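As provided, input39.pdb (PDB, C-alpha atoms, pLDDT in the B column) reads as follows.
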ATOM      1  CA  MET A   1     161.671  48.830  72.292  1.00 65.00           C
ATOM      2  CA  THR A   2     164.541  49.182  69.822  1.00 82.00           C
ATOM      3  CA  ALA A   3     167.727  50.230  71.593  1.00 93.00           C
ATOM      4  CA  PHE A   4     169.933  52.959  70.161  1.00 96.00           C
ATOM      5  CA  ASP A   5     172.695  51.253  68.178  1.00 97.00           C
ATOM      6  CA  ALA A   6     175.836  52.880  69.563  1.00 98.00           C
ATOM      7  CA  LEU A   7     178.192  50.675  67.526  1.00 98.00           C
ATOM      8  CA  TYR A   8     176.531  51.688  64.261  1.00 98.00           C
ATOM      9  CA  PHE A   9     176.541  55.349  65.276  1.00 98.00           C
ATOM     10  CA  GLU A  10     180.226  55.317  66.246  1.00 98.00           C
ATOM     11  CA  SER A  11     181.218  53.551  63.030  1.00 98.00           C
ATOM     12  CA  GLU A  12     179.310  56.059  60.893  1.00 98.00           C
ATOM     13  CA  HIS A  13     180.551  58.944  63.021  1.00 98.00           C
ATOM     14  CA  GLU A  14     184.148  57.937  62.348  1.00 97.00           C
ATOM     15  CA  ARG A  15     183.475  57.464  58.640  1.00 97.00           C
ATOM     16  CA  ARG A  16     181.865  60.892  58.327  1.00 97.00           C
ATOM     17  CA  ARG A  17     184.564  62.545  60.482  1.00 96.00           C
ATOM     18  CA  LEU A  18     182.071  64.667  62.399  1.00 97.00           C
ATOM     19  CA  PRO A  19     183.459  67.118  64.989  1.00 96.00           C
ATOM     20  CA  LEU A  20     180.388  66.681  67.226  1.00 98.00           C
ATOM     21  CA  GLY A  21     179.221  63.348  68.624  1.00 98.00           C
ATOM     22  CA  ALA A  22     182.208  61.989  70.543  1.00 98.00           C
ATOM     23  CA  PRO A  23     182.535  60.705  73.123  1.00 98.00           C
ATOM     24  CA  LEU A  24     179.079  59.121  73.003  1.00 98.00           C
ATOM     25  CA  SER A  25     177.085  58.002  76.026  1.00 98.00           C
ATOM     26  CA  ALA A  26     174.104  55.848  75.013  1.00 97.00           C
ATOM     27  CA  LEU A  27     171.847  54.620  77.810  1.00 96.00           C
ATOM     28  CA  SER A  28     168.656  52.593  77.809  1.00 95.00           C
ATOM     29  CA  GLU A  29     167.289  54.854  80.563  1.00 95.00           C
ATOM     30  CA  THR A  30     168.302  57.984  82.417  1.00 96.00           C
ATOM     31  CA  GLY A  31     166.771  60.834  84.348  1.00 95.00           C
ATOM     32  CA  SER A  32     167.607  63.537  81.822  1.00 95.00           C
ATOM     33  CA  THR A  33     170.240  63.645  79.096  1.00 97.00           C
ATOM     34  CA  ASN A  34     170.635  67.362  79.800  1.00 97.00           C
ATOM     35  CA  ASP A  35     171.452  66.605  83.425  1.00 97.00           C
ATOM     36  CA  ASP A  36     173.920  63.932  82.293  1.00 98.00           C
ATOM     37  CA  ALA A  37     175.594  66.422  79.974  1.00 98.00           C
ATOM     38  CA  LEU A  38     175.696  69.191  82.591  1.00 98.00           C
ATOM     39  CA  THR A  39     177.314  66.836  85.094  1.00 98.00           C
ATOM     40  CA  ALA A  40     179.862  65.740  82.496  1.00 98.00           C
ATOM     41  CA  ALA A  41     180.551  69.360  81.531  1.00 98.00           C
ATOM     42  CA  ARG A  42     181.385  70.256  85.124  1.00 97.00           C
ATOM     43  CA  ALA A  43     183.742  67.270  85.216  1.00 98.00           C
ATOM     44  CA  GLY A  44     185.596  68.524  82.139  1.00 97.00           C
ATOM     45  CA  ALA A  45     183.937  66.623  79.266  1.00 98.00           C
ATOM     46  CA  PRO A  46     184.975  68.012  75.865  1.00 98.00           C
ATOM     47  CA  HIS A  47     183.148  69.978  73.231  1.00 98.00           C
ATOM     48  CA  GLY A  48     181.024  67.585  71.184  1.00 98.00           C
ATOM     49  CA  ALA A  49     180.321  65.005  73.891  1.00 98.00           C
ATOM     50  CA  THR A  50     176.859  63.575  73.218  1.00 98.00           C
ATOM     51  CA  PHE A  51     174.373  61.838  75.479  1.00 98.00           C
ATOM     52  CA  VAL A  52     171.517  59.681  74.159  1.00 98.00           C
ATOM     53  CA  ALA A  53     168.831  57.777  76.037  1.00 97.00           C
ATOM     54  CA  ASP A  54     166.058  55.475  74.881  1.00 95.00           C
ATOM     55  CA  PHE A  55     163.950  56.703  77.795  1.00 93.00           C
ATOM     56  CA  GLN A  56     164.085  59.715  80.126  1.00 91.00           C
ATOM     57  CA  HIS A  57     162.009  59.564  83.285  1.00 85.00           C
ATOM     58  CA  GLN A  58     162.795  63.179  84.204  1.00 66.00           C
ATOM     59  CA  GLY A  59     163.016  64.700  80.739  1.00 57.00           C
ATOM     60  CA  ARG A  60     161.979  68.321  80.534  1.00 52.00           C
ATOM     61  CA  GLY A  61     161.217  70.947  77.981  1.00 53.00           C
ATOM     62  CA  ARG A  62     161.226  74.728  78.019  1.00 52.00           C
ATOM     63  CA  GLY A  63     159.851  76.283  81.203  1.00 52.00           C
ATOM     64  CA  GLY A  64     160.373  73.057  83.144  1.00 53.00           C
ATOM     65  CA  ASN A  65     157.510  71.288  81.400  1.00 57.00           C
ATOM     66  CA  PRO A  66     157.922  67.497  81.363  1.00 60.00           C
ATOM     67  CA  TRP A  67     159.005  65.832  78.111  1.00 56.00           C
ATOM     68  CA  LEU A  68     157.755  62.255  78.079  1.00 60.00           C
ATOM     69  CA  ALA A  69     158.220  59.824  75.208  1.00 65.00           C
ATOM     70  CA  PRO A  70     157.697  56.055  74.868  1.00 71.00           C
ATOM     71  CA  ALA A  71     160.946  54.138  75.298  1.00 73.00           C
ATOM     72  CA  GLY A  72     162.887  53.594  72.097  1.00 76.00           C
ATOM     73  CA  GLU A  73     160.452  55.431  69.797  1.00 90.00           C
ATOM     74  CA  ASN A  74     161.970  58.884  69.588  1.00 94.00           C
ATOM     75  CA  LEU A  75     165.337  60.624  69.530  1.00 97.00           C
ATOM     76  CA  THR A  76     166.220  62.247  72.843  1.00 96.00           C
ATOM     77  CA  PHE A  77     169.756  63.531  73.173  1.00 98.00           C
ATOM     78  CA  SER A  78     171.959  66.319  74.487  1.00 98.00           C
ATOM     79  CA  VAL A  79     175.176  67.643  73.004  1.00 98.00           C
ATOM     80  CA  LEU A  80     177.794  69.532  74.995  1.00 98.00           C
ATOM     81  CA  LEU A  81     179.132  72.661  73.318  1.00 98.00           C
ATOM     82  CA  ARG A  82     181.969  74.898  74.456  1.00 97.00           C
ATOM     83  CA  PRO A  83     181.635  77.883  72.099  1.00 95.00           C
ATOM     84  CA  LYS A  84     183.517  81.130  72.532  1.00 93.00           C
ATOM     85  CA  LEU A  85     180.501  83.267  73.308  1.00 94.00           C
ATOM     86  CA  ARG A  86     179.445  85.735  75.933  1.00 93.00           C
ATOM     87  CA  PRO A  87     176.799  84.376  78.351  1.00 94.00           C
ATOM     88  CA  GLU A  88     174.129  86.659  76.880  1.00 92.00           C
ATOM     89  CA  GLN A  89     174.776  85.185  73.425  1.00 93.00           C
ATOM     90  CA  ALA A  90     174.133  81.580  74.477  1.00 94.00           C
ATOM     91  CA  PRO A  91     170.364  81.664  73.724  1.00 93.00           C
ATOM     92  CA  GLN A  92     171.181  82.315  70.067  1.00 95.00           C
ATOM     93  CA  LEU A  93     172.354  78.717  69.863  1.00 97.00           C
ATOM     94  CA  THR A  94     168.772  77.563  70.435  1.00 97.00           C
ATOM     95  CA  LEU A  95     167.899  78.935  66.999  1.00 97.00           C
ATOM     96  CA  ALA A  96     171.019  77.375  65.472  1.00 97.00           C
ATOM     97  CA  VAL A  97     170.057  73.968  66.879  1.00 98.00           C
ATOM     98  CA  GLY A  98     166.481  74.370  65.670  1.00 98.00           C
ATOM     99  CA  LEU A  99     167.712  75.199  62.172  1.00 98.00           C
ATOM    100  CA  ALA A 100     169.999  72.152  62.160  1.00 98.00           C
ATOM    101  CA  ILE A 101     167.076  69.888  63.100  1.00 98.00           C
ATOM    102  CA  ARG A 102     164.811  71.543  60.536  1.00 98.00           C
ATOM    103  CA  ASP A 103     167.245  71.010  57.691  1.00 97.00           C
ATOM    104  CA  ALA A 104     167.984  67.400  58.689  1.00 97.00           C
ATOM    105  CA  VAL A 105     164.320  66.365  58.808  1.00 97.00           C
ATOM    106  CA  ALA A 106     163.163  68.473  55.837  1.00 97.00           C
ATOM    107  CA  ARG A 107     165.194  66.275  53.484  1.00 95.00           C
ATOM    108  CA  ARG A 108     163.043  63.352  54.593  1.00 95.00           C
ATOM    109  CA  LEU A 109     159.772  65.228  54.184  1.00 96.00           C
ATOM    110  CA  PRO A 110     159.552  66.427  50.569  1.00 93.00           C
ATOM    111  CA  GLY A 111     156.426  68.436  49.992  1.00 90.00           C
ATOM    112  CA  GLU A 112     155.943  69.284  53.665  1.00 96.00           C
ATOM    113  CA  VAL A 113     156.367  72.752  55.157  1.00 96.00           C
ATOM    114  CA  VAL A 114     158.965  72.319  57.890  1.00 98.00           C
ATOM    115  CA  GLY A 115     159.489  75.487  59.904  1.00 97.00           C
ATOM    116  CA  LEU A 116     160.741  77.028  63.123  1.00 98.00           C
ATOM    117  CA  LYS A 117     158.473  78.333  65.849  1.00 97.00           C
ATOM    118  CA  TRP A 118     160.452  80.811  67.893  1.00 97.00           C
ATOM    119  CA  PRO A 119     162.268  80.224  70.100  1.00 95.00           C
ATOM    120  CA  ASN A 120     162.783  76.462  70.305  1.00 95.00           C
ATOM    121  CA  ASP A 121     160.373  74.295  68.304  1.00 97.00           C
ATOM    122  CA  VAL A 122     160.393  72.638  64.894  1.00 98.00           C
ATOM    123  CA  TRP A 123     156.963  72.424  63.288  1.00 98.00           C
ATOM    124  CA  VAL A 124     155.552  70.581  60.326  1.00 97.00           C
ATOM    125  CA  GLY A 125     152.422  72.358  59.223  1.00 92.00           C
ATOM    126  CA  GLN A 126     150.681  73.313  62.459  1.00 91.00           C
ATOM    127  CA  ARG A 127     152.130  70.525  64.609  1.00 95.00           C
ATOM    128  CA  LYS A 128     155.255  70.228  66.724  1.00 96.00           C
ATOM    129  CA  LEU A 129     157.851  67.703  65.596  1.00 97.00           C
ATOM    130  CA  ALA A 130     160.793  68.604  67.845  1.00 97.00           C
ATOM    131  CA  GLY A 131     161.838  70.864  70.688  1.00 96.00           C
ATOM    132  CA  VAL A 132     165.112  72.252  72.015  1.00 97.00           C
ATOM    133  CA  LEU A 133     166.129  73.003  75.599  1.00 96.00           C
ATOM    134  CA  LEU A 134     169.333  74.990  76.064  1.00 97.00           C
ATOM    135  CA  GLU A 135     171.088  75.177  79.431  1.00 97.00           C
ATOM    136  CA  SER A 136     174.417  76.819  80.134  1.00 97.00           C
ATOM    137  CA  ILE A 137     177.168  76.910  82.732  1.00 97.00           C
ATOM    138  CA  THR A 138     179.020  80.128  83.569  1.00 96.00           C
ATOM    139  CA  GLN A 139     182.159  80.486  85.637  1.00 93.00           C
ATOM    140  CA  ALA A 140     183.501  83.809  86.846  1.00 92.00           C
ATOM    141  CA  GLY A 141     181.143  85.593  84.488  1.00 92.00           C
ATOM    142  CA  ALA A 142     182.302  83.640  81.417  1.00 94.00           C
ATOM    143  CA  LEU A 143     180.419  81.009  79.449  1.00 96.00           C
ATOM    144  CA  SER A 144     181.990  77.640  80.251  1.00 97.00           C
ATOM    145  CA  ALA A 145     179.602  75.272  78.492  1.00 98.00           C
ATOM    146  CA  VAL A 146     176.267  75.044  76.737  1.00 98.00           C
ATOM    147  CA  VAL A 147     174.119  71.919  76.685  1.00 98.00           C
ATOM    148  CA  ALA A 148     171.600  71.612  73.860  1.00 98.00           C
ATOM    149  CA  GLY A 149     168.896  69.052  74.608  1.00 97.00           C
ATOM    150  CA  VAL A 150     166.694  67.809  71.788  1.00 97.00           C
ATOM    151  CA  GLY A 151     163.514  65.778  71.675  1.00 96.00           C
ATOM    152  CA  LEU A 152     162.517  64.659  68.166  1.00 97.00           C
ATOM    153  CA  ASN A 153     159.392  62.586  67.556  1.00 96.00           C
ATOM    154  CA  VAL A 154     160.417  59.723  65.288  1.00 96.00           C
ATOM    155  CA  GLN A 155     158.252  56.602  65.611  1.00 92.00           C
ATOM    156  CA  THR A 156     155.388  57.637  67.897  1.00 92.00           C
ATOM    157  CA  ARG A 157     152.022  57.110  66.213  1.00 92.00           C
ATOM    158  CA  VAL A 158     149.673  57.713  69.139  1.00 91.00           C
ATOM    159  CA  PHE A 159     150.080  60.788  71.353  1.00 90.00           C
ATOM    160  CA  PRO A 160     148.265  61.221  74.673  1.00 87.00           C
ATOM    161  CA  THR A 161     145.741  64.010  75.199  1.00 81.00           C
ATOM    162  CA  PRO A 162     146.257  66.955  74.760  1.00 81.00           C
ATOM    163  CA  LEU A 163     149.391  66.355  72.637  1.00 87.00           C
ATOM    164  CA  ALA A 164     147.347  64.472  70.052  1.00 84.00           C
ATOM    165  CA  GLU A 165     146.042  67.838  68.808  1.00 88.00           C
ATOM    166  CA  THR A 166     149.407  69.570  68.581  1.00 91.00           C
ATOM    167  CA  ALA A 167     152.178  66.998  67.968  1.00 95.00           C
ATOM    168  CA  THR A 168     153.334  64.871  65.060  1.00 96.00           C
ATOM    169  CA  SER A 169     156.154  62.460  64.248  1.00 96.00           C
ATOM    170  CA  LEU A 170     158.202  61.390  61.253  1.00 97.00           C
ATOM    171  CA  ALA A 171     156.303  58.099  61.202  1.00 96.00           C
ATOM    172  CA  LEU A 172     152.935  59.861  61.052  1.00 96.00           C
ATOM    173  CA  LEU A 173     154.297  61.992  58.221  1.00 96.00           C
ATOM    174  CA  GLY A 174     155.339  58.922  56.261  1.00 95.00           C
ATOM    175  CA  ALA A 175     159.106  59.202  56.797  1.00 95.00           C
ATOM    176  CA  ASP A 176     161.115  56.101  57.683  1.00 87.00           C
ATOM    177  CA  ALA A 177     164.216  57.066  59.664  1.00 91.00           C
ATOM    178  CA  ARG A 178     166.760  55.469  61.958  1.00 95.00           C
ATOM    179  CA  ARG A 179     167.436  57.456  65.098  1.00 97.00           C
ATOM    180  CA  GLU A 180     171.169  56.917  64.659  1.00 98.00           C
ATOM    181  CA  ASP A 181     171.156  58.426  61.172  1.00 97.00           C
ATOM    182  CA  LEU A 182     169.025  61.348  62.302  1.00 98.00           C
ATOM    183  CA  LEU A 183     171.442  62.141  65.111  1.00 98.00           C
ATOM    184  CA  LEU A 184     174.416  61.974  62.754  1.00 98.00           C
ATOM    185  CA  GLU A 185     172.711  64.317  60.294  1.00 98.00           C
ATOM    186  CA  ILE A 186     171.651  66.804  62.979  1.00 98.00           C
ATOM    187  CA  LEU A 187     175.163  66.929  64.435  1.00 98.00           C
ATOM    188  CA  GLY A 188     176.574  67.413  60.953  1.00 98.00           C
ATOM    189  CA  GLU A 189     174.227  70.339  60.354  1.00 97.00           C
ATOM    190  CA  LEU A 190     174.893  71.840  63.788  1.00 98.00           C
ATOM    191  CA  GLN A 191     178.690  72.085  63.702  1.00 95.00           C
ATOM    192  CA  PRO A 192     179.043  74.776  60.989  1.00 96.00           C
ATOM    193  CA  ARG A 193     176.164  76.776  62.482  1.00 96.00           C
ATOM    194  CA  THR A 194     177.790  76.717  65.919  1.00 95.00           C
ATOM    195  CA  GLU A 195     180.999  78.016  64.372  1.00 95.00           C
ATOM    196  CA  GLN A 196     179.122  80.753  62.504  1.00 96.00           C
ATOM    197  CA  VAL A 197     177.356  81.973  65.643  1.00 96.00           C
ATOM    198  CA  ALA A 198     180.646  81.993  67.566  1.00 94.00           C
ATOM    199  CA  ALA A 199     182.370  83.985  64.830  1.00 95.00           C
ATOM    200  CA  PHE A 200     179.640  86.303  63.548  1.00 95.00           C
ATOM    201  CA  GLY A 201     176.576  85.989  65.784  1.00 94.00           C
ATOM    202  CA  LEU A 202     173.238  85.113  64.209  1.00 95.00           C
ATOM    203  CA  ARG A 203     173.740  87.270  61.104  1.00 95.00           C
ATOM    204  CA  PRO A 204     174.787  84.401  58.754  1.00 96.00           C
ATOM    205  CA  LEU A 205     171.770  82.344  59.852  1.00 97.00           C
ATOM    206  CA  LEU A 206     169.147  85.083  59.625  1.00 97.00           C
ATOM    207  CA  PRO A 207     168.127  84.496  55.982  1.00 96.00           C
ATOM    208  CA  ASP A 208     167.307  80.835  56.713  1.00 97.00           C
ATOM    209  CA  LEU A 209     165.735  81.623  60.077  1.00 97.00           C
ATOM    210  CA  ARG A 210     163.474  84.226  58.496  1.00 96.00           C
ATOM    211  CA  GLN A 211     162.615  82.000  55.532  1.00 97.00           C
ATOM    212  CA  HIS A 212     161.422  79.211  57.824  1.00 97.00           C
ATOM    213  CA  ASP A 213     159.767  81.370  60.513  1.00 97.00           C
ATOM    214  CA  VAL A 214     156.234  79.996  61.007  1.00 96.00           C
ATOM    215  CA  LEU A 215     155.185  82.958  63.163  1.00 97.00           C
ATOM    216  CA  ALA A 216     155.876  85.778  60.696  1.00 96.00           C
ATOM    217  CA  GLY A 217     152.754  87.769  59.925  1.00 96.00           C
ATOM    218  CA  ARG A 218     150.597  85.944  62.455  1.00 96.00           C
ATOM    219  CA  ARG A 219     148.902  87.325  65.542  1.00 97.00           C
ATOM    220  CA  VAL A 220     150.606  86.162  68.714  1.00 97.00           C
ATOM    221  CA  ARG A 221     150.624  86.649  72.448  1.00 97.00           C
ATOM    222  CA  VAL A 222     153.859  86.392  74.420  1.00 95.00           C
ATOM    223  CA  ASP A 223     153.087  86.778  78.100  1.00 91.00           C
ATOM    224  CA  ARG A 224     151.476  90.260  78.230  1.00 91.00           C
ATOM    225  CA  ILE A 225     152.572  91.352  74.760  1.00 95.00           C
ATOM    226  CA  GLN A 226     150.056  90.899  71.957  1.00 96.00           C
ATOM    227  CA  GLY A 227     150.383  91.789  68.308  1.00 97.00           C
ATOM    228  CA  VAL A 228     151.652  90.600  64.931  1.00 97.00           C
ATOM    229  CA  ALA A 229     154.948  88.717  64.683  1.00 97.00           C
ATOM    230  CA  ARG A 230     157.348  90.568  62.376  1.00 97.00           C
ATOM    231  CA  GLY A 231     160.309  88.220  62.245  1.00 96.00           C
ATOM    232  CA  LEU A 232     163.569  88.144  64.197  1.00 96.00           C
ATOM    233  CA  SER A 233     166.103  90.759  65.156  1.00 96.00           C
ATOM    234  CA  GLU A 234     169.824  90.278  64.517  1.00 93.00           C
ATOM    235  CA  ASN A 235     170.133  89.089  68.122  1.00 93.00           C
ATOM    236  CA  GLY A 236     167.407  86.470  67.745  1.00 95.00           C
ATOM    237  CA  GLU A 237     164.664  88.398  69.508  1.00 96.00           C
ATOM    238  CA  LEU A 238     161.083  87.976  68.330  1.00 97.00           C
ATOM    239  CA  LEU A 239     159.724  91.216  66.890  1.00 97.00           C
ATOM    240  CA  VAL A 240     156.077  91.817  67.762  1.00 98.00           C
ATOM    241  CA  GLU A 241     154.195  94.780  66.308  1.00 97.00           C
ATOM    242  CA  THR A 242     151.663  96.038  68.820  1.00 97.00           C
ATOM    243  CA  ALA A 243     149.198  98.898  68.375  1.00 94.00           C
ATOM    244  CA  THR A 244     151.879 101.387  69.431  1.00 95.00           C
ATOM    245  CA  GLN A 245     155.362  99.994  68.730  1.00 96.00           C
ATOM    246  CA  ILE A 246     157.647  97.101  67.800  1.00 97.00           C
ATOM    247  CA  GLU A 247     158.454  95.023  70.863  1.00 97.00           C
ATOM    248  CA  HIS A 248     161.723  93.070  71.048  1.00 97.00           C
ATOM    249  CA  VAL A 249     160.905  89.865  72.940  1.00 96.00           C
ATOM    250  CA  ARG A 250     163.903  88.015  74.359  1.00 93.00           C
ATOM    251  CA  ALA A 251     162.098  85.075  75.941  1.00 90.00           C
ATOM    252  CA  GLY A 252     158.634  83.741  76.614  1.00 91.00           C
ATOM    253  CA  HIS A 253     155.928  81.303  75.603  1.00 90.00           C
ATOM    254  CA  VAL A 254     154.309  82.153  72.269  1.00 94.00           C
ATOM    255  CA  GLU A 255     150.590  81.598  71.840  1.00 94.00           C
ATOM    256  CA  LEU A 256     149.177  81.779  68.325  1.00 93.00           C
ATOM    257  CA  LEU A 257     146.000  83.842  68.138  1.00 91.00           C
ATOM    258  CA  ALA A 258     145.243  83.402  64.436  1.00 66.00           C
TER     259      ALA A 258
END
Structure encoded using structure tokens:
Amino acid sequence: MTAFDALYFESEHERRRLPLGAPLSALSETGSTNDDALTAARAGAPHGATFVADFQHQGRGRGGNPWLAPAGENLTFSVLLRPKLRPEQAPQLTLAVGLAIRDAVARRLPGEVVGLKWPNDVWVGQRKLAGVLLESITQAGALSAVVAGVGLNVQTRVFPTPLAETATSLALLGADARREDLLLEILGELQPRTEQVAAFGLRPLLPDLRQHDVLAGRRVRVDRIQGVARGLSENGELLVETATQIEHVRAGHVELLA
């Protein structure tokens, strides 16, 4: 296992003058970086605090599904955000985080189609490269903090069944990347997008989100809704054209039908 190099990260973070990424907590093992960040948020940790672990034994993805990764192979982190948003706007940040990851990894994958699968995955071709889990804290009806958890497959070359059919990694795609540099680049991409969402909602991000939408034009099923994906609304909802109408889907698991 190669441990996350916190000294290198902090040196580069200072040189690049990034707003996100400090203070940094880098652990060899933890239960969940999202849980670490949520606990820190309740204790008053600042906007930009970042939590990295080489291994999570209670990592989770969307819907409570477990997120397991070999120790030291992949990038698992959570960043604490304190944006000025209404609680109902917080899910829009999932798309902003996904776009930040997409742009950071796409530079390392020339010739590959790197896209976003609504609402929280980054795909290369037909395989998942990364996922986002957003959790928020509200107090007295106001949004106090948002924690964005990310799992990005970096060095894994062998995935267990059934992930072997649906997952990929930067290593399998021929990209050589340090986890520290990837985190720095993702945080650099995320800061301006967070500010844009806080100021203007998703509108400034919609052209990029729509350009990289891997679901557009494909038949999908989201829970009991089935039809053709027709892009995203200005609020980040998935638009699904059924036989009778356009459904605005706010949340759910998307299954590709064709």
With all atoms listed in the file as the counted atoms, please give the residues lying no more than 6 Å from A:Phe77, apart from itself and same-chain residues fewer than 3 positions off, as a ChimeraX atom specification. /A:33,51-52,149-150
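Atom CA of A:Leu152 to atom CA of A:Leu75 spans 5.1 Å [interatomic distance, one decimal].
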Report as number ranges by chain the full result of the PyMOL selection byres ((chain A and resi 253) around 7) when it is applied to this structure. A: 222-223, 252, 254-255
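Put simply, atom CA of A:Ala177 is 29.3 Å away from atom CA of A:Pro204.
The residue that comes closest to A:Arg42, out of A:Glu112, A:Leu129, A:Val214, A:Ser144 and on the basis of all atoms listed in the file, is A:Ser144.
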Which is closest to A:Ala148 among A:Gln191, A:Thr166, A:Gln245, A:Asn34, if we use only C-alpha atoms? A:Asn34
For the provided coordinates, the residues matched by the PyMOL selection byres ((chain A and resi 237-244) around 12) should be stated as a ChimeraX atom specification. /A:89,91-92,94-95,117-120,202,206,209-210,213-236,245-254
Got a sec to resolve the PyMOL selection byres ((chain A and resi 2) around 10) on this structure and send the residues as a list in words? Met1, Ala3, Phe4, Asp5, Ser28, Asp54, Ala71, Gly72, Glu73 and Arg179 of chain A
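Using only C-alpha atoms, the residues found no farther than 9 Å from A:Gly115, other than those of its own chain fewer than 6 positions away, are A:Leu99, A:Arg102, A:Ala106, A:Asp121, A:Val122, A:Trp123, A:Val124, A:Gly125, A:Leu209, A:Gln211, A:His212, A:Asp213, A:Val214.
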Keeping C-alpha atoms for every residue in the selection just given, could you write it to a file as a PDB file, in the coordinates of the input?
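For reference, again_9.pdb as written:
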ATOM      1  CA  LEU A  99     167.712  75.199  62.172  1.00 98.00           C
ATOM      2  CA  ARG A 102     164.811  71.543  60.536  1.00 98.00           C
ATOM      3  CA  ALA A 106     163.163  68.473  55.837  1.00 97.00           C
ATOM      4  CA  ASP A 121     160.373  74.295  68.304  1.00 97.00           C
ATOM      5  CA  VAL A 122     160.393  72.638  64.894  1.00 98.00           C
ATOM      6  CA  TRP A 123     156.963  72.424  63.288  1.00 98.00           C
ATOM      7  CA  VAL A 124     155.552  70.581  60.326  1.00 97.00           C
ATOM      8  CA  GLY A 125     152.422  72.358  59.223  1.00 92.00           C
ATOM      9  CA  LEU A 209     165.735  81.623  60.077  1.00 97.00           C
ATOM     10  CA  GLN A 211     162.615  82.000  55.532  1.00 97.00           C
ATOM     11  CA  HIS A 212     161.422  79.211  57.824  1.00 97.00           C
ATOM     12  CA  ASP A 213     159.767  81.370  60.513  1.00 97.00           C
ATOM     13  CA  VAL A 214     156.234  79.996  61.007  1.00 96.00           C
TER      14      VAL A 214
END
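With distances restricted to all atoms listed in the file, A:Leu116 is the closest residue to A:Asp103 from A:Ala199, A:Glu135, A:Leu18, A:Leu116.
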Give me the residues near A:Arg16 as number ranges by chain, where near means some atom within 9 Å (using only C-alpha atoms) and where sequence neighbours in that chain fewer than 3 positions away do not count. A: 11-13, 184, 188
I'd like the contact shell of stretch 19-21 of chain A - 12 Å cut-off, all atoms listed in the file, skipping same-chain residues fewer than 5 positions apart - returned as a ChimeraX atom specification. /A:6,9-14,26,46-52,77-82,180,183-195
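Coordinates place atom CA of A:Lys84 at a distance of 12.7 Å from atom CA of A:Ile137.
Minimum atom-to-atom distances from A:Gly201, A:Leu109, A:Ala142, A:Gln196 to A:Leu172 were compared using all atoms listed in the file, and the lowest value belongs to A:Leu109.
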Residue nearest A:Leu173 among A:Ser25, A:Asn153, A:Asn74, A:Ser32 (counting all atoms listed in the file): A:Asn153
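For the set A:Val113, A:Ala164, A:Leu256, A:Ala43, the residue with the smallest atom-to-atom gap to A:Ala145 is A:Ala43, counting only C-alpha atoms.
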